[in-house]
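Asks: Pasting run.cif below, which is mmCIF, C-alpha atoms and all ligand atoms.
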```cif
data_protein
#
loop_
_atom_site.group_PDB
_atom_site.id
_atom_site.type_symbol
_atom_site.label_atom_id
_atom_site.label_comp_id
_atom_site.auth_asym_id
_atom_site.auth_seq_id
_atom_site.Cartn_x
_atom_site.Cartn_y
_atom_site.Cartn_z
ATOM 1 C CA MET Y 1 107.471 76.041 38.730
ATOM 2 C CA VAL Y 2 103.924 77.119 39.673
ATOM 3 C CA LYS Y 3 104.021 80.103 42.056
ATOM 4 C CA ILE Y 4 101.328 80.265 44.719
ATOM 5 C CA LEU Y 5 100.997 83.124 47.194
ATOM 6 C CA ALA Y 6 99.369 82.005 50.442
ATOM 7 C CA ILE Y 7 97.561 84.523 52.654
ATOM 8 C CA SER Y 8 96.525 83.882 56.231
ATOM 9 C CA GLY Y 9 93.581 85.825 57.633
ATOM 10 C CA SER Y 10 95.062 85.659 61.149
ATOM 11 C CA LEU Y 11 97.852 87.824 62.551
ATOM 12 C CA ARG Y 12 98.284 85.516 65.594
ATOM 13 C CA SER Y 13 101.799 84.026 65.929
ATOM 14 C CA ASN Y 14 100.471 80.501 66.603
ATOM 15 C CA SER Y 15 97.529 80.822 64.244
ATOM 16 C CA SER Y 16 95.940 77.533 63.226
ATOM 17 C CA ASN Y 17 95.192 79.059 59.813
ATOM 18 C CA THR Y 18 98.830 80.053 59.287
ATOM 19 C CA ASN Y 19 99.872 76.609 60.533
ATOM 20 C CA ILE Y 20 97.664 75.041 57.850
ATOM 21 C CA LEU Y 21 99.477 77.111 55.216
ATOM 22 C CA ARG Y 22 102.845 76.103 56.690
ATOM 23 C CA SER Y 23 101.871 72.433 56.411
ATOM 24 C CA MET Y 24 100.786 73.036 52.828
ATOM 25 C CA MET Y 25 104.277 74.355 52.075
ATOM 26 C CA GLU Y 26 105.564 70.932 53.090
ATOM 27 C CA LEU Y 27 102.814 69.082 51.193
ATOM 28 C CA ALA Y 28 103.420 71.108 48.038
ATOM 29 C CA ALA Y 29 104.964 68.970 45.370
ATOM 30 C CA ASP Y 30 108.346 69.841 43.820
ATOM 31 C CA ARG Y 31 106.729 71.871 41.077
ATOM 32 C CA ILE Y 32 104.885 74.242 43.454
ATOM 33 C CA GLU Y 33 106.623 77.244 44.984
ATOM 34 C CA LEU Y 34 104.360 78.230 47.870
ATOM 35 C CA SER Y 35 105.209 81.336 49.898
ATOM 36 C CA ILE Y 36 103.257 82.978 52.705
ATOM 37 C CA TYR Y 37 102.571 86.727 52.509
ATOM 38 C CA ASP Y 38 103.745 88.310 55.748
ATOM 39 C CA GLY Y 39 102.923 92.000 55.244
ATOM 40 C CA MET Y 40 99.239 92.122 56.184
ATOM 41 C CA GLY Y 41 99.871 93.559 59.651
ATOM 42 C CA GLU Y 42 101.825 96.477 58.158
ATOM 43 C CA LEU Y 43 99.229 97.606 55.617
ATOM 44 C CA PRO Y 44 97.665 100.979 56.465
ATOM 45 C CA HIS Y 45 93.928 101.302 56.968
ATOM 46 C CA PHE Y 46 92.372 101.560 53.539
ATOM 47 C CA ASN Y 47 91.497 105.065 52.442
ATOM 48 C CA PRO Y 48 90.928 105.731 48.729
ATOM 49 C CA GLU Y 49 92.455 109.205 49.179
ATOM 50 C CA LEU Y 50 95.750 107.613 50.258
ATOM 51 C CA ASP Y 51 95.911 105.358 47.206
ATOM 52 C CA ASP Y 52 99.048 107.070 45.955
ATOM 53 C CA GLU Y 53 101.393 104.575 44.308
ATOM 54 C CA LEU Y 54 104.509 106.529 45.282
ATOM 55 C CA ALA Y 55 103.702 106.950 48.960
ATOM 56 C CA MET Y 56 102.811 103.377 49.889
ATOM 57 C CA ALA Y 57 105.656 100.879 49.847
ATOM 58 C CA THR Y 58 103.663 98.264 51.800
ATOM 59 C CA VAL Y 59 100.694 98.502 49.449
ATOM 60 C CA ARG Y 60 102.951 98.370 46.386
ATOM 61 C CA ASP Y 61 104.657 95.270 47.739
ATOM 62 C CA TRP Y 62 101.276 93.587 48.412
ATOM 63 C CA ARG Y 63 100.174 94.285 44.844
ATOM 64 C CA THR Y 64 103.512 93.159 43.386
ATOM 65 C CA GLN Y 65 103.392 89.848 45.255
ATOM 66 C CA LEU Y 66 99.842 89.215 43.994
ATOM 67 C CA GLN Y 67 100.843 90.065 40.412
ATOM 68 C CA ALA Y 68 103.819 87.696 40.533
ATOM 69 C CA ALA Y 69 101.744 84.709 41.671
ATOM 70 C CA ASP Y 70 100.127 82.180 39.295
ATOM 71 C CA GLY Y 71 97.566 81.371 41.965
ATOM 72 C CA ILE Y 72 96.406 82.583 45.371
ATOM 73 C CA LEU Y 73 95.580 80.512 48.431
ATOM 74 C CA PHE Y 74 93.672 81.979 51.376
ATOM 75 C CA CYS Y 75 93.266 80.375 54.781
ATOM 76 C CA THR Y 76 91.237 82.428 57.218
ATOM 77 C CA PRO Y 77 89.496 82.309 60.556
ATOM 78 C CA GLU Y 78 85.984 83.663 61.071
ATOM 79 C CA TYR Y 79 85.498 86.616 63.427
ATOM 80 C CA ALA Y 80 81.925 87.359 64.544
ATOM 81 C CA HIS Y 81 80.566 85.444 61.535
ATOM 82 C CA GLY Y 82 82.623 87.528 59.107
ATOM 83 C CA VAL Y 83 86.028 87.949 57.476
ATOM 84 C CA PRO Y 84 88.713 89.313 59.889
ATOM 85 C CA GLY Y 85 89.035 93.097 59.504
ATOM 86 C CA SER Y 86 92.756 92.998 58.678
ATOM 87 C CA LEU Y 87 92.112 90.633 55.757
ATOM 88 C CA LYS Y 88 89.184 92.685 54.469
ATOM 89 C CA ASN Y 89 91.400 95.789 54.741
ATOM 90 C CA ALA Y 90 94.089 94.081 52.630
ATOM 91 C CA LEU Y 91 91.471 93.166 49.998
ATOM 92 C CA ASP Y 92 90.089 96.713 49.895
ATOM 93 C CA TRP Y 93 93.521 97.932 48.714
ATOM 94 C CA ILE Y 94 93.122 95.679 45.647
ATOM 95 C CA VAL Y 95 89.606 96.694 44.535
ATOM 96 C CA ALA Y 96 90.818 99.529 42.277
ATOM 97 C CA SER Y 97 94.163 98.060 41.201
ATOM 98 C CA GLY Y 98 92.583 94.737 40.138
ATOM 99 C CA GLU Y 99 95.277 92.139 40.894
ATOM 100 C CA PHE Y 100 92.636 89.469 41.534
ATOM 101 C CA MET Y 101 91.186 89.768 38.039
ATOM 102 C CA HIS Y 102 91.152 86.246 36.506
ATOM 103 C CA LYS Y 103 93.553 85.067 39.230
ATOM 104 C CA LEU Y 104 93.022 81.403 40.103
ATOM 105 C CA THR Y 105 92.257 81.368 43.814
ATOM 106 C CA ALA Y 106 91.487 78.839 46.554
ATOM 107 C CA VAL Y 107 89.723 79.689 49.815
ATOM 108 C CA ILE Y 108 90.120 77.705 53.029
ATOM 109 C CA SER Y 109 88.621 78.629 56.376
ATOM 110 C CA ALA Y 110 89.437 76.893 59.636
ATOM 111 C CA SER Y 111 87.845 77.153 63.034
ATOM 112 C CA PRO Y 112 87.364 75.139 66.231
ATOM 113 C CA ALA Y 113 83.609 75.331 65.440
ATOM 114 C CA PRO Y 114 81.763 72.501 63.637
ATOM 115 C CA ASP Y 115 81.151 74.510 60.441
ATOM 116 C CA GLY Y 116 84.850 75.445 60.019
ATOM 117 C CA GLY Y 117 84.173 79.164 59.591
ATOM 118 C CA ALA Y 118 81.758 78.608 56.704
ATOM 119 C CA LYS Y 119 80.202 82.070 56.958
ATOM 120 C CA ALA Y 120 83.566 83.858 56.667
ATOM 121 C CA ASN Y 121 84.517 81.491 53.847
ATOM 122 C CA ALA Y 122 81.329 82.311 51.907
ATOM 123 C CA ALA Y 123 81.797 86.053 52.504
ATOM 124 C CA LEU Y 124 85.420 85.909 51.338
ATOM 125 C CA VAL Y 125 84.477 83.943 48.212
ATOM 126 C CA GLN Y 126 81.776 86.517 47.439
ATOM 127 C CA THR Y 127 84.186 89.472 47.847
ATOM 128 C CA LEU Y 128 86.883 87.806 45.727
ATOM 129 C CA ARG Y 129 84.401 86.926 42.970
ATOM 130 C CA VAL Y 130 83.238 90.561 42.876
ATOM 131 C CA MET Y 131 86.927 91.358 42.312
ATOM 132 C CA MET Y 132 86.832 88.799 39.457
ATOM 133 C CA ALA Y 133 89.023 86.153 41.064
ATOM 134 C CA GLU Y 134 88.370 82.694 39.603
ATOM 135 C CA ILE Y 135 87.430 80.210 42.324
ATOM 136 C CA ALA Y 136 86.499 76.663 41.338
ATOM 137 C CA ASP Y 137 84.042 74.803 43.588
ATOM 138 C CA ASP Y 138 86.716 72.251 44.543
ATOM 139 C CA SER Y 139 89.048 75.091 45.543
ATOM 140 C CA ILE Y 140 86.831 75.898 48.548
ATOM 141 C CA LEU Y 141 87.285 74.099 51.874
ATOM 142 C CA CYS Y 142 86.077 74.570 55.467
ATOM 143 C CA ILE Y 143 88.089 72.826 58.194
ATOM 144 C CA PRO Y 144 86.104 72.254 61.413
ATOM 145 C CA ALA Y 145 87.485 71.397 64.876
ATOM 146 C CA VAL Y 146 90.865 72.717 63.744
ATOM 147 C CA TYR Y 147 92.553 72.490 67.164
ATOM 148 C CA ASN Y 148 92.210 68.663 66.983
ATOM 149 C CA LYS Y 149 94.086 68.446 63.690
ATOM 150 C CA PHE Y 150 97.529 69.499 65.006
ATOM 151 C CA ASN Y 151 99.889 68.238 67.686
ATOM 152 C CA ASP Y 152 101.485 70.592 70.233
ATOM 153 C CA ARG Y 153 104.401 71.241 67.840
ATOM 154 C CA ALA Y 154 101.899 72.731 65.360
ATOM 155 C CA GLU Y 155 102.337 69.754 63.012
ATOM 156 C CA LEU Y 156 99.324 68.558 61.041
ATOM 157 C CA THR Y 157 98.422 65.076 62.302
ATOM 158 C CA ASP Y 158 94.960 64.501 60.815
ATOM 159 C CA LEU Y 159 95.183 62.371 57.653
ATOM 160 C CA GLU Y 160 91.737 63.297 56.365
ATOM 161 C CA THR Y 161 92.629 67.010 56.532
ATOM 162 C CA GLU Y 162 95.986 66.322 54.869
ATOM 163 C CA ARG Y 163 94.205 64.547 51.999
ATOM 164 C CA ALA Y 164 91.698 67.403 51.644
ATOM 165 C CA LEU Y 165 94.517 69.979 51.533
ATOM 166 C CA MET Y 166 96.468 67.985 48.938
ATOM 167 C CA SER Y 167 93.363 67.570 46.820
ATOM 168 C CA LEU Y 168 92.615 71.313 46.977
ATOM 169 C CA LEU Y 169 96.212 72.124 46.024
ATOM 170 C CA ALA Y 170 96.074 69.676 43.087
ATOM 171 C CA SER Y 171 92.808 71.225 41.931
ATOM 172 C CA LEU Y 172 94.262 74.756 42.101
ATOM 173 C CA VAL Y 173 97.372 73.750 40.139
ATOM 174 C CA ASN Y 174 95.215 71.957 37.570
ATOM 175 C CA GLU Y 175 93.120 75.125 37.089
ATOM 176 C CA ILE Y 176 96.334 77.170 36.708
ATOM 177 C CA ASP Y 177 97.620 74.724 34.068
ATOM 178 C CA LEU Y 178 94.310 74.874 32.175
ATOM 179 C CA GLN Y 179 94.347 78.688 32.256
ATOM 180 C CA ALA Y 180 97.910 78.736 30.936
ATOM 181 C CA ILE Y 181 97.010 76.707 27.818
ATOM 182 C CA SER Y 182 93.671 78.393 27.081
HETATM 183 C C1 LIG C 201 86.521 84.027 67.094
HETATM 184 N N1 LIG C 201 86.280 82.717 66.751
HETATM 185 C C2 LIG C 201 85.207 82.394 65.949
HETATM 186 N N2 LIG C 201 85.061 81.141 65.407
HETATM 187 C C3 LIG C 201 84.014 80.859 64.591
HETATM 188 O O1 LIG C 201 83.904 79.743 64.098
HETATM 189 N N3 LIG C 201 83.080 81.808 64.299
HETATM 190 C C4 LIG C 201 83.135 83.068 64.798
HETATM 191 O O2 LIG C 201 82.300 83.882 64.486
HETATM 192 C C5 LIG C 201 84.244 83.401 65.636
HETATM 193 N N4 LIG C 201 84.399 84.677 66.131
HETATM 194 C C6 LIG C 201 85.566 85.010 66.773
HETATM 195 C C7 LIG C 201 85.807 86.358 67.099
HETATM 196 C C8 LIG C 201 86.997 86.719 67.690
HETATM 197 C C9 LIG C 201 87.267 88.162 67.999
HETATM 198 C C10 LIG C 201 87.969 85.733 67.991
HETATM 199 C C11 LIG C 201 89.303 86.124 68.630
HETATM 200 C C12 LIG C 201 87.736 84.427 67.712
HETATM 201 C C13 LIG C 201 87.219 81.664 67.165
HETATM 202 C C14 LIG C 201 88.309 81.467 66.138
HETATM 203 O O3 LIG C 201 87.840 80.572 65.146
HETATM 204 C C15 LIG C 201 89.553 80.898 66.806
HETATM 205 O O4 LIG C 201 90.057 81.857 67.734
HETATM 206 C C16 LIG C 201 90.627 80.520 65.802
HETATM 207 O O5 LIG C 201 91.688 79.852 66.467
HETATM 208 C C17 LIG C 201 91.173 81.758 65.118
HETATM 209 O O6 LIG C 201 92.034 81.369 64.076
HETATM 210 P P1 LIG C 201 93.625 81.357 64.232
HETATM 211 O O7 LIG C 201 94.069 82.657 64.833
HETATM 212 O O8 LIG C 201 93.953 80.185 65.137
HETATM 213 O O9 LIG C 201 94.122 81.131 62.849
#
```
Re-express the file's structure as structure tokens.
Replies:
Amino acid sequence: MVKILAISGSLRSNSSNTNILRSMMELAADRIELSIYDGMGELPHFNPELDDELAMATVRDWRTQLQAADGILFCTPEYAHGVPGSLKNALDWIVASGEFMHKLTAVISASPAPDGGAKANAALVQTLRVMMAEIADDSILCIPAVYNKFNDRAELTDLETERALMSLLASLVNEIDLQAIS
């Protein structure tokens, strides 16, 4: 079973980005175990002086969940043309510990805007690549006009988006398989 840890960049309860990840849990084939990380709101503000392994249960758990995953899947909104602060904070805790090193990763952004949060997506890809995550070109996706893709029960109704999400998931799993045999 391929294990994928999904991370939403939004803390909002009815987040469209989290809803995309929830629909991907349903789209995931039998051989994919996709879970959504739910600890981002509890992480302390990053301070290198507080990076004490014994003191930080939330940080340890974040790192452990990343280590245990075969692949990582982000889905994030864009705030003021950048990555949401809470997501950037979570990533800053990983710079020194290195859990993204050679980790196969996919990056989705979603927004009501026509470019689907492309600027946050590009910034997130850049940060993750600095941390040596491996992100294939077909593991990057921007979803525009996201509010039109769901019904009022937060179910994905747009077939084109569903196909794009399935294709991205297939590409990520393929990359994970290739890494495993190389
Ligand atoms: C936004 N939004 C937004 N959208 C965008 O495409 N580019 C942007 O720069 C911003 N900036 C921004 C700042 C702040 C503070 C908020 C609250 C919102 C709109 C954003 O895409 C929209 O609220 C999404 O619904 C947020 O994603 P979730 O929470 O639905 O996943």
Asks: When you look at Lys119 in chain Y with a cut-off of 8 Å (counting all atoms listed in the file), what residues show up, excluding the ones that are within fewer than 2 positions of it in the same chain? I need them as a PyMOL selection string.
Replies: chain Y and resi 78+81-82+117+121-123
Asks: Show me which residues line ligand LIG 201 (chain C), defined as having an atom within 9 Å of a ligand atom where all atoms listed in the file count, and present them as a PyMOL selection string.
Replies: chain Y and resi 8-20+75-84+109-120+144+146-147
Asks: With C-alpha atoms kept, could you save the residues just selected as a PDB file, in the coordinates of the input?
Replies:
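Result went into out.pdb, see below:
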```
ATOM      1  CA  SER Y   8      96.525  83.882  56.231  1.00  0.00           C
ATOM      2  CA  GLY Y   9      93.581  85.825  57.633  1.00  0.00           C
ATOM      3  CA  SER Y  10      95.062  85.659  61.149  1.00  0.00           C
ATOM      4  CA  LEU Y  11      97.852  87.824  62.551  1.00  0.00           C
ATOM      5  CA  ARG Y  12      98.284  85.516  65.594  1.00  0.00           C
ATOM      6  CA  SER Y  13     101.799  84.026  65.929  1.00  0.00           C
ATOM      7  CA  ASN Y  14     100.471  80.501  66.603  1.00  0.00           C
ATOM      8  CA  SER Y  15      97.529  80.822  64.244  1.00  0.00           C
ATOM      9  CA  SER Y  16      95.940  77.533  63.226  1.00  0.00           C
ATOM     10  CA  ASN Y  17      95.192  79.059  59.813  1.00  0.00           C
ATOM     11  CA  THR Y  18      98.830  80.053  59.287  1.00  0.00           C
ATOM     12  CA  ASN Y  19      99.872  76.609  60.533  1.00  0.00           C
ATOM     13  CA  ILE Y  20      97.664  75.041  57.850  1.00  0.00           C
ATOM     14  CA  CYS Y  75      93.266  80.375  54.781  1.00  0.00           C
ATOM     15  CA  THR Y  76      91.237  82.428  57.218  1.00  0.00           C
ATOM     16  CA  PRO Y  77      89.496  82.309  60.556  1.00  0.00           C
ATOM     17  CA  GLU Y  78      85.984  83.663  61.071  1.00  0.00           C
ATOM     18  CA  TYR Y  79      85.498  86.616  63.427  1.00  0.00           C
ATOM     19  CA  ALA Y  80      81.925  87.359  64.544  1.00  0.00           C
ATOM     20  CA  HIS Y  81      80.566  85.444  61.535  1.00  0.00           C
ATOM     21  CA  GLY Y  82      82.623  87.528  59.107  1.00  0.00           C
ATOM     22  CA  VAL Y  83      86.028  87.949  57.476  1.00  0.00           C
ATOM     23  CA  PRO Y  84      88.713  89.313  59.889  1.00  0.00           C
ATOM     24  CA  SER Y 109      88.621  78.629  56.376  1.00  0.00           C
ATOM     25  CA  ALA Y 110      89.437  76.893  59.636  1.00  0.00           C
ATOM     26  CA  SER Y 111      87.845  77.153  63.034  1.00  0.00           C
ATOM     27  CA  PRO Y 112      87.364  75.139  66.231  1.00  0.00           C
ATOM     28  CA  ALA Y 113      83.609  75.331  65.440  1.00  0.00           C
ATOM     29  CA  PRO Y 114      81.763  72.501  63.637  1.00  0.00           C
ATOM     30  CA  ASP Y 115      81.151  74.510  60.441  1.00  0.00           C
ATOM     31  CA  GLY Y 116      84.850  75.445  60.019  1.00  0.00           C
ATOM     32  CA  GLY Y 117      84.173  79.164  59.591  1.00  0.00           C
ATOM     33  CA  ALA Y 118      81.758  78.608  56.704  1.00  0.00           C
ATOM     34  CA  LYS Y 119      80.202  82.070  56.958  1.00  0.00           C
ATOM     35  CA  ALA Y 120      83.566  83.858  56.667  1.00  0.00           C
ATOM     36  CA  PRO Y 144      86.104  72.254  61.413  1.00  0.00           C
ATOM     37  CA  VAL Y 146      90.865  72.717  63.744  1.00  0.00           C
ATOM     38  CA  TYR Y 147      92.553  72.490  67.164  1.00  0.00           C
TER      39      TYR Y 147
END
```
Asks: Name the residues in contact with Lys3 in chain Y at a cut-off of 9 Å, using only C-alpha atoms, excluding same-chain residues fewer than 4 positions from it; report them as a PyMOL selection string.
Replies: chain Y and resi 31-35+68-72
Asks: On this structure, which residues satisfy the PyMOL selection byres (((chain Y and resi 158) around 12) and not hetatm), written as a list in words?
Replies: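 Here the PyMOL selection byres (((chain Y and resi 158) around 12) and not hetatm) matches Ile20, Ser23, Ile143, Pro144, Ala145, Val146, Tyr147, Asn148, Lys149, Phe150, Asn151, Ala154, Glu155, Leu156, Thr157, Leu159, Glu160, Thr161, Glu162, Arg163, Ala164 and Leu165 of chain Y.
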Asks: Could you tell me how far CA of Ser97 in chain Y sits from CA of Asp138 in chain Y, in Å to one decimal place?
Replies: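 Result for CA of Asp138 in chain Y versus CA of Ser97 in chain Y: 27.1 Å, one decimal.
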Asks: What does the PyMOL selection byres (((chain Y and resi 63) around 12) and not hetatm) select in this file, as JSON, numbers by chain?
Replies: {"Y": [5, 37, 39, 40, 43, 53, 56, 57, 58, 59, 60, 61, 62, 64, 65, 66, 67, 68, 69, 90, 91, 92, 93, 94, 95, 96, 97, 98, 99, 100]}
Asks: Keeping only C-alpha atoms, take the residues you just selected and write them out as a PDB file, keeping the file's coordinate frame.
Replies:
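Writing the result to selection33.pdb gives the following:
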```pdb
ATOM      1  CA  LEU Y   5     100.997  83.124  47.194  1.00  0.00           C
ATOM      2  CA  TYR Y  37     102.571  86.727  52.509  1.00  0.00           C
ATOM      3  CA  GLY Y  39     102.923  92.000  55.244  1.00  0.00           C
ATOM      4  CA  MET Y  40      99.239  92.122  56.184  1.00  0.00           C
ATOM      5  CA  LEU Y  43      99.229  97.606  55.617  1.00  0.00           C
ATOM      6  CA  GLU Y  53     101.393 104.575  44.308  1.00  0.00           C
ATOM      7  CA  MET Y  56     102.811 103.377  49.889  1.00  0.00           C
ATOM      8  CA  ALA Y  57     105.656 100.879  49.847  1.00  0.00           C
ATOM      9  CA  THR Y  58     103.663  98.264  51.800  1.00  0.00           C
ATOM     10  CA  VAL Y  59     100.694  98.502  49.449  1.00  0.00           C
ATOM     11  CA  ARG Y  60     102.951  98.370  46.386  1.00  0.00           C
ATOM     12  CA  ASP Y  61     104.657  95.270  47.739  1.00  0.00           C
ATOM     13  CA  TRP Y  62     101.276  93.587  48.412  1.00  0.00           C
ATOM     14  CA  THR Y  64     103.512  93.159  43.386  1.00  0.00           C
ATOM     15  CA  GLN Y  65     103.392  89.848  45.255  1.00  0.00           C
ATOM     16  CA  LEU Y  66      99.842  89.215  43.994  1.00  0.00           C
ATOM     17  CA  GLN Y  67     100.843  90.065  40.412  1.00  0.00           C
ATOM     18  CA  ALA Y  68     103.819  87.696  40.533  1.00  0.00           C
ATOM     19  CA  ALA Y  69     101.744  84.709  41.671  1.00  0.00           C
ATOM     20  CA  ALA Y  90      94.089  94.081  52.630  1.00  0.00           C
ATOM     21  CA  LEU Y  91      91.471  93.166  49.998  1.00  0.00           C
ATOM     22  CA  ASP Y  92      90.089  96.713  49.895  1.00  0.00           C
ATOM     23  CA  TRP Y  93      93.521  97.932  48.714  1.00  0.00           C
ATOM     24  CA  ILE Y  94      93.122  95.679  45.647  1.00  0.00           C
ATOM     25  CA  VAL Y  95      89.606  96.694  44.535  1.00  0.00           C
ATOM     26  CA  ALA Y  96      90.818  99.529  42.277  1.00  0.00           C
ATOM     27  CA  SER Y  97      94.163  98.060  41.201  1.00  0.00           C
ATOM     28  CA  GLY Y  98      92.583  94.737  40.138  1.00  0.00           C
ATOM     29  CA  GLU Y  99      95.277  92.139  40.894  1.00  0.00           C
ATOM     30  CA  PHE Y 100      92.636  89.469  41.534  1.00  0.00           C
TER      31      PHE Y 100
END
```
Asks: Could you check how far CA of Leu128 in chain Y sits from CA of Ile176 in chain Y, in Å to one decimal?
Replies: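 Between CA of Leu128 in chain Y and CA of Ile176 in chain Y the gap works out to 16.8 Å.
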Asks: How big is the axis-aligned box around the listed atoms of range 123-142 of chain Y once 4 Å is added on each side, and where is its centre? Give both in Å to one decimal, as JSON.
Replies:
```
{"center_x": 85.4, "center_y": 81.8, "center_z": 47.5, "size_x": 15.3, "size_y": 27.1, "size_z": 24.0}
```
Asks: Rank Y:Leu104, Y:Ala29, Y:Val125, Y:Leu178 by their smallest atom-to-atom distance to Met1 in chain Y, using all atoms listed in the file, and report the top residue only.
Replies: Y:Ala29
Asks: Calculate how many Å separate CA of Asn89 in chain Y from CA of Leu27 in chain Y, rounding to one decimal.
Replies: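 Distance between the two atoms: 29.3 Å.
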Asks: If you apply the PyMOL selection byres (((chain Y and resi 140) around 8) and not hetatm) to this file, what residues do you get, as a PDB file with C-alpha atoms, in the frame of the given file?
Replies:
```
ATOM      1  CA  ALA Y 106      91.487  78.839  46.554  1.00  0.00           C
ATOM      2  CA  VAL Y 107      89.723  79.689  49.815  1.00  0.00           C
ATOM      3  CA  ILE Y 108      90.120  77.705  53.029  1.00  0.00           C
ATOM      4  CA  ILE Y 135      87.430  80.210  42.324  1.00  0.00           C
ATOM      5  CA  ALA Y 136      86.499  76.663  41.338  1.00  0.00           C
ATOM      6  CA  ASP Y 137      84.042  74.803  43.588  1.00  0.00           C
ATOM      7  CA  ASP Y 138      86.716  72.251  44.543  1.00  0.00           C
ATOM      8  CA  SER Y 139      89.048  75.091  45.543  1.00  0.00           C
ATOM      9  CA  LEU Y 141      87.285  74.099  51.874  1.00  0.00           C
ATOM     10  CA  CYS Y 142      86.077  74.570  55.467  1.00  0.00           C
ATOM     11  CA  LEU Y 168      92.615  71.313  46.977  1.00  0.00           C
TER      12      LEU Y 168
END
```
Asks: Could you model N, CA and C atoms for range 77-93 of chain Y and present them as a CSV table (one decimal), in the frame of the given file?
Replies:
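Final output, saved to rebuild_5.csv:
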```csv
chain,number,residue,atom,x,y,z
Y,77,PRO,N,90.5,82.6,59.5
Y,77,PRO,CA,89.5,82.3,60.6
Y,77,PRO,C,88.2,83.1,60.3
Y,78,GLU,N,87.2,82.9,61.1
Y,78,GLU,CA,86.0,83.7,61.1
Y,78,GLU,C,85.9,84.5,62.4
Y,79,TYR,N,85.7,85.8,62.2
Y,79,TYR,CA,85.5,86.6,63.4
Y,79,TYR,C,84.1,87.2,63.4
Y,80,ALA,N,83.3,86.9,64.4
Y,80,ALA,CA,81.9,87.4,64.5
Y,80,ALA,C,81.2,87.1,63.2
Y,81,HIS,N,81.3,85.9,62.7
Y,81,HIS,CA,80.6,85.4,61.5
Y,81,HIS,C,81.0,86.2,60.3
Y,82,GLY,N,82.2,86.8,60.3
Y,82,GLY,CA,82.6,87.5,59.1
Y,82,GLY,C,84.1,87.3,58.9
Y,83,VAL,N,84.6,88.0,57.8
Y,83,VAL,CA,86.0,87.9,57.5
Y,83,VAL,C,86.8,88.9,58.5
Y,84,PRO,N,87.9,88.4,59.0
Y,84,PRO,CA,88.7,89.3,59.9
Y,84,PRO,C,89.0,90.7,59.2
Y,85,GLY,N,88.9,91.7,60.0
Y,85,GLY,CA,89.0,93.1,59.5
Y,85,GLY,C,90.4,93.3,58.8
Y,86,SER,N,91.4,92.8,59.3
Y,86,SER,CA,92.8,93.0,58.7
Y,86,SER,C,92.8,92.4,57.3
Y,87,LEU,N,92.1,91.2,57.1
Y,87,LEU,CA,92.1,90.6,55.8
Y,87,LEU,C,91.2,91.5,54.8
Y,88,LYS,N,90.1,91.9,55.3
Y,88,LYS,CA,89.2,92.7,54.5
Y,88,LYS,C,89.9,94.0,54.1
Y,89,ASN,N,90.6,94.6,55.0
Y,89,ASN,CA,91.4,95.8,54.7
Y,89,ASN,C,92.4,95.5,53.6
Y,90,ALA,N,93.1,94.4,53.7
Y,90,ALA,CA,94.1,94.1,52.6
Y,90,ALA,C,93.4,93.9,51.3
Y,91,LEU,N,92.2,93.3,51.3
Y,91,LEU,CA,91.5,93.2,50.0
Y,91,LEU,C,91.0,94.5,49.5
Y,92,ASP,N,90.6,95.4,50.3
Y,92,ASP,CA,90.1,96.7,49.9
Y,92,ASP,C,91.2,97.5,49.1
Y,93,TRP,N,92.4,97.3,49.5
Y,93,TRP,CA,93.5,97.9,48.7
Y,93,TRP,C,93.6,97.4,47.3
```
